[in-house]
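What follows is a short report on a single structure.
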Amino acid sequence: MLQADWNPQGGFSFKNCQRNAFLESSLKGLRVPHARKTGTTIAGLVFQDGVILGADTRATNDSVVADKNCEKIHFIAPNIYCCGAGVAADAEMTTQMMASNMELHALSTGRKPRVVTVTRMLRQMLFRYQGHIGASLIVGGVDITGPLLYSVHPHGSYSRLLFTALGSGQEAAISVLEDRFKPNMTLEEGQQLIVEAVTAGILDDLGSGSNVDMCVITQAGAKIQRAVSTPAVISKRQGKYRYPKGTTAVMKETVTPLALEMIEETVQTMEVE
Amino acid sequence: MNTRGLGSQLKDSISVSELSASSPFGNHDILRRGFSCVKNELLPSHPLELSEKNFQLNQDKMNFSTLRNIQGLYAPLKLQMEFKAVKQVQRLPFLQSSNLSLDILRGSDESIGFEDILNDPSQSEIMGEPHMMMEYKLGLL
C-alpha cells in the first residue's frame, strides 16, 4: 500500500481509539481495563529550614489493593522531590521525564535546578494534554531562592502554598494541616504534623493505607525515610477456626486400589552447588 | 473542546489507502483497521488527536510570530530559511532520518518528551515498500 505523505511521528498514537470505542459500545457487559490509580494521601509543608513531603504507600486497582508498599515520593533533582497522586503510570512517567529534563536543563544552563522550573515544565506538559494525563503532583524543594512548595493539578493549574495535600485522602489530611499548621515550625514539629496528616488520610480513606513515607529537604540536601510510621497494623485473629479431627462422623469407608503400570522412568540429576 | 463547529475538527490529511473499497475483494483490511465508516475517517477519534498531530507546527508558528513581534521580520525569515535548508538533509524515503540539525535549531535536543519515549519512529515495526517509494520519489511511478 502506498501512502503519499508518510511521516511517522513519535509520541502518542490514537490508532486504537475508534476500535476501543466501537468495542465498548457494541459488546455489552465488557469490563474495560482501567488504569491503576494510586488512591493516595500526599501532603507537604514548609518549615523554617526547608520542605517536608509525606505520602502513604498503597496503590489500588479499582477496589483491590494492587501494591502494599509503593513509592510515591519521586526524585526530580538532588534538592527537589515530587509526590504523585492520580493514575500511577502517569505520575511515574511524568516525574521521570521531569527528572531527565531538569538534568539536561541544569547541564545546559550550568545552574542548579529550581522548583519553579519544574513546576512550569509540568504545567505546560499537563495543559498540552488537557487533563488526559491524570497526575496530581506536589512539588517541593529548596533552591537558591529558598524553600518552595507547589501543588499541580492534572489540567495544568498550580498553586504556591505553605502546606497542601492531594489525593483521595486529601480532605482528612488537609483538615489536620489546617488545624495545626504554624509558619516557621521546627523540624520535629513539622515531621510530627506531616505524619499525623498522612495518618489521618490513611485511617479515613479506603484508597490510602500501609505506611507513611517522608522526605525532608533542606539547604544541605534531601533525606528520604521509608515507613516512618505504620498506623494500621494487621490485627491478630481472635480464635482458631479449624475444626478438630473427628468433628464430622465418618459413616462409611471404601478403598479402591488403582492398577497402575510403570511405563517409563527418567532420572534427571539436579546440579547442586 | 473546540466549539467552532464540526468543520474545524475534520482531519485534513487522509491517506489515500484508507478510503478504498470495503468489499471482500477490495484491499480494506478489517483486521488491521476495523470496520469502515465515513464518520470515523473524517472526525478525530480522540479529543487530543488533532492537537497532537499539529502540535509541532503550531509551536513553530507561535514562536516565529513572537520573534517577529520582538525582533522584526528578518529574524524569523532567516530562521525559517535555516529550517528549510536543514529539512532537506534526509535519508532515502523509506528510512527514518534523525533530523539532528532540525532538533538543534528547535532546541528539542535538550529536552525529552513523549515523542522520544513512545512510538519511536526509528523502531517502528512497519516500513514502506522500498522500491515503490523510491520510484515514487524519482517520479518513475
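Letters for chains follow the order of the C-alpha cells (A, B, ...), residue numbers begin at 1 for each chain, and ligand numbers begin at 1 in the order shown.
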Distance-based interface of chain A with chain B, 12 Å, counting only C-alpha atoms, as a PyMOL selection string:
chain A and resi 1-23+90+93-109+121-122+124-133
So that I can check the secondary structure, give me every residue of range 223-270 of chain A assigned strand (DSSP E or B) by backbone DSSP, as a PDB file with all heavy atoms, in the first residue's frame.
```pdb
ATOM      1  N   LYS A 223      16.606  14.010  52.443  1.00  0.00           N
ATOM      2  CA  LYS A 223      16.692  12.709  53.108  1.00  0.00           C
ATOM      3  C   LYS A 223      15.329  12.058  53.028  1.00  0.00           C
ATOM      4  O   LYS A 223      14.336  12.627  53.471  1.00  0.00           O
ATOM      5  CB  LYS A 223      17.101  12.927  54.565  1.00  0.00           C
ATOM      6  CG  LYS A 223      17.606  11.670  55.222  1.00  0.00           C
ATOM      7  CD  LYS A 223      18.289  12.004  56.534  1.00  0.00           C
ATOM      8  CE  LYS A 223      17.288  12.588  57.503  1.00  0.00           C
ATOM      9  NZ  LYS A 223      17.298  11.980  58.826  1.00  0.00           N
ATOM     10  N   ILE A 224      15.292  10.833  52.467  1.00  0.00           N
ATOM     11  CA  ILE A 224      14.011  10.121  52.381  1.00  0.00           C
ATOM     12  C   ILE A 224      13.970   9.053  53.462  1.00  0.00           C
ATOM     13  O   ILE A 224      14.944   8.320  53.640  1.00  0.00           O
ATOM     14  CB  ILE A 224      13.868   9.417  51.019  1.00  0.00           C
ATOM     15  CG1 ILE A 224      13.738  10.432  49.917  1.00  0.00           C
ATOM     16  CG2 ILE A 224      12.640   8.567  51.007  1.00  0.00           C
ATOM     17  CD1 ILE A 224      13.121   9.849  48.694  1.00  0.00           C
ATOM     18  N   GLN A 225      12.868   8.959  54.153  1.00  0.00           N
ATOM     19  CA  GLN A 225      12.696   7.877  55.118  1.00  0.00           C
ATOM     20  C   GLN A 225      11.470   7.075  54.715  1.00  0.00           C
ATOM     21  O   GLN A 225      10.363   7.615  54.668  1.00  0.00           O
ATOM     22  CB  GLN A 225      12.484   8.443  56.526  1.00  0.00           C
ATOM     23  CG  GLN A 225      13.702   9.145  57.049  1.00  0.00           C
ATOM     24  CD  GLN A 225      13.304  10.117  58.131  1.00  0.00           C
ATOM     25  OE1 GLN A 225      12.750  11.174  57.865  1.00  0.00           O
ATOM     26  NE2 GLN A 225      13.578   9.748  59.352  1.00  0.00           N
ATOM     27  N   ARG A 226      11.682   5.790  54.452  1.00  0.00           N
ATOM     28  CA  ARG A 226      10.560   4.937  54.082  1.00  0.00           C
ATOM     29  C   ARG A 226       9.972   4.338  55.345  1.00  0.00           C
ATOM     30  O   ARG A 226      10.684   3.958  56.249  1.00  0.00           O
ATOM     31  CB  ARG A 226      11.055   3.800  53.175  1.00  0.00           C
ATOM     32  CG  ARG A 226      11.569   4.265  51.859  1.00  0.00           C
ATOM     33  CD  ARG A 226      10.515   4.250  50.788  1.00  0.00           C
ATOM     34  NE  ARG A 226      10.153   2.930  50.366  1.00  0.00           N
ATOM     35  CZ  ARG A 226       8.956   2.620  49.855  1.00  0.00           C
ATOM     36  NH1 ARG A 226       8.016   3.526  49.757  1.00  0.00           N
ATOM     37  NH2 ARG A 226       8.706   1.408  49.464  1.00  0.00           N
ATOM     38  N   ALA A 227       8.671   4.225  55.381  1.00  0.00           N
ATOM     39  CA  ALA A 227       7.970   3.593  56.518  1.00  0.00           C
ATOM     40  C   ALA A 227       8.332   4.244  57.846  1.00  0.00           C
ATOM     41  O   ALA A 227       8.784   3.576  58.768  1.00  0.00           O
ATOM     42  CB  ALA A 227       8.253   2.090  56.543  1.00  0.00           C
ATOM     43  N   VAL A 228       8.109   5.531  57.916  1.00  0.00           N
ATOM     44  CA  VAL A 228       8.355   6.259  59.168  1.00  0.00           C
ATOM     45  C   VAL A 228       7.387   5.795  60.235  1.00  0.00           C
ATOM     46  O   VAL A 228       7.716   5.689  61.409  1.00  0.00           O
ATOM     47  CB  VAL A 228       8.195   7.769  58.907  1.00  0.00           C
ATOM     48  CG1 VAL A 228       7.989   8.515  60.190  1.00  0.00           C
ATOM     49  CG2 VAL A 228       9.384   8.291  58.170  1.00  0.00           C
ATOM     50  N   SER A 229       6.148   5.497  59.800  1.00  0.00           N
ATOM     51  CA  SER A 229       5.166   5.059  60.788  1.00  0.00           C
ATOM     52  C   SER A 229       4.181   4.125  60.106  1.00  0.00           C
ATOM     53  O   SER A 229       3.928   4.239  58.913  1.00  0.00           O
ATOM     54  CB  SER A 229       4.454   6.283  61.372  1.00  0.00           C
ATOM     55  OG  SER A 229       3.079   6.199  61.189  1.00  0.00           O
TER      56      SER A 229
END
```
Give me the residues within 12 Å of Asp103 in chain B as a ChimeraX atom specification, counting only C-alpha atoms and dropping any in the same chain fewer than 2 places off.
/B:56,83,86-87,97-101,105-112,116
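Counting only C-alpha atoms and comparing A:Val267, A:Ala197, A:Phe47, A:Cys82, the residue that lies closest to Glu171 in chain A is A:Ala197.
CA of Ser65 in chain B to CA of Lys84 in chain B spans 17.1 Å [interatomic distance, one decimal].
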Write out as number ranges by chain the set of residues from range 138-230 of chain A that DSSP, computed on the backbone, places in alpha helix (DSSP H).
A: 170-180, 187-204
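By chain and then residue number, the residues within 12 Å of Thr66 in chain B are Gln59, Asp60, Gly72, Leu73, Ala75 and Pro76 of chain B, counting only C-alpha atoms and disregarding those fewer than 6 positions away in sequence.
As for CA of Ser151 in chain A and CA of Arg58 in chain A, they are spaced 20.4 Å apart.
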Have a look at CA of Val65 in chain A and CA of Ala172 in chain A and let me know their distance in Å, one decimal.
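So the answer is 20.1 Å.
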Thr145 in chain A surroundings by only C-alpha atoms, 12 Å radius, close-in-sequence under 5 positions cut, as a PyMOL selection string:
chain A and resi 50+112-116+219
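Between Thr60 in chain A and the residues A:Leu206, A:Leu137, A:Ile76, A:Val46, the shortest atom-to-atom distance, using only C-alpha atoms, involves A:Leu206.
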Would you please work out which residue, of A:Val118, A:Ile144, A:Leu27, A:Ala59, is nearest to Thr218 in chain A when using only C-alpha atoms?
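Comparing A:Val118, A:Ile144, A:Leu27, A:Ala59 against Thr218 in chain A, the winner is A:Ile144.
Within the 9 Å cut-off around Gly86 in chain A, using only C-alpha atoms and omitting residues fewer than 5 positions from it on the same chain, the listed residues are A:Arg36, A:Lys37, A:Thr38, A:Gly39, A:Thr40, A:Ala91, A:Gly134, A:Ala135, A:Ser136, A:Leu137, A:Pro154, A:Gly167, A:Ser168.
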Those residues with C-alpha atoms, as a compact mmCIF listing (two decimals), in the first residue's frame please?
```txt
# COMPACT_ATOMS: atom_id res chain seq x y z
CA ARG A 36 -4.30 1.66 38.06
CA LYS A 37 -4.77 4.71 40.27
CA THR A 38 -2.72 5.38 43.33
CA GLY A 39 -5.66 6.28 45.61
CA THR A 40 -3.39 8.34 47.73
CA ALA A 91 2.57 10.18 37.75
CA GLY A 134 -4.14 12.11 35.26
CA ALA A 135 -1.29 13.14 37.51
CA SER A 136 -1.72 15.42 40.55
CA LEU A 137 1.65 16.35 41.96
CA PRO A 154 -3.98 17.30 36.10
CA GLY A 167 -5.13 12.57 46.50
CA SER A 168 -8.24 10.72 47.58
```
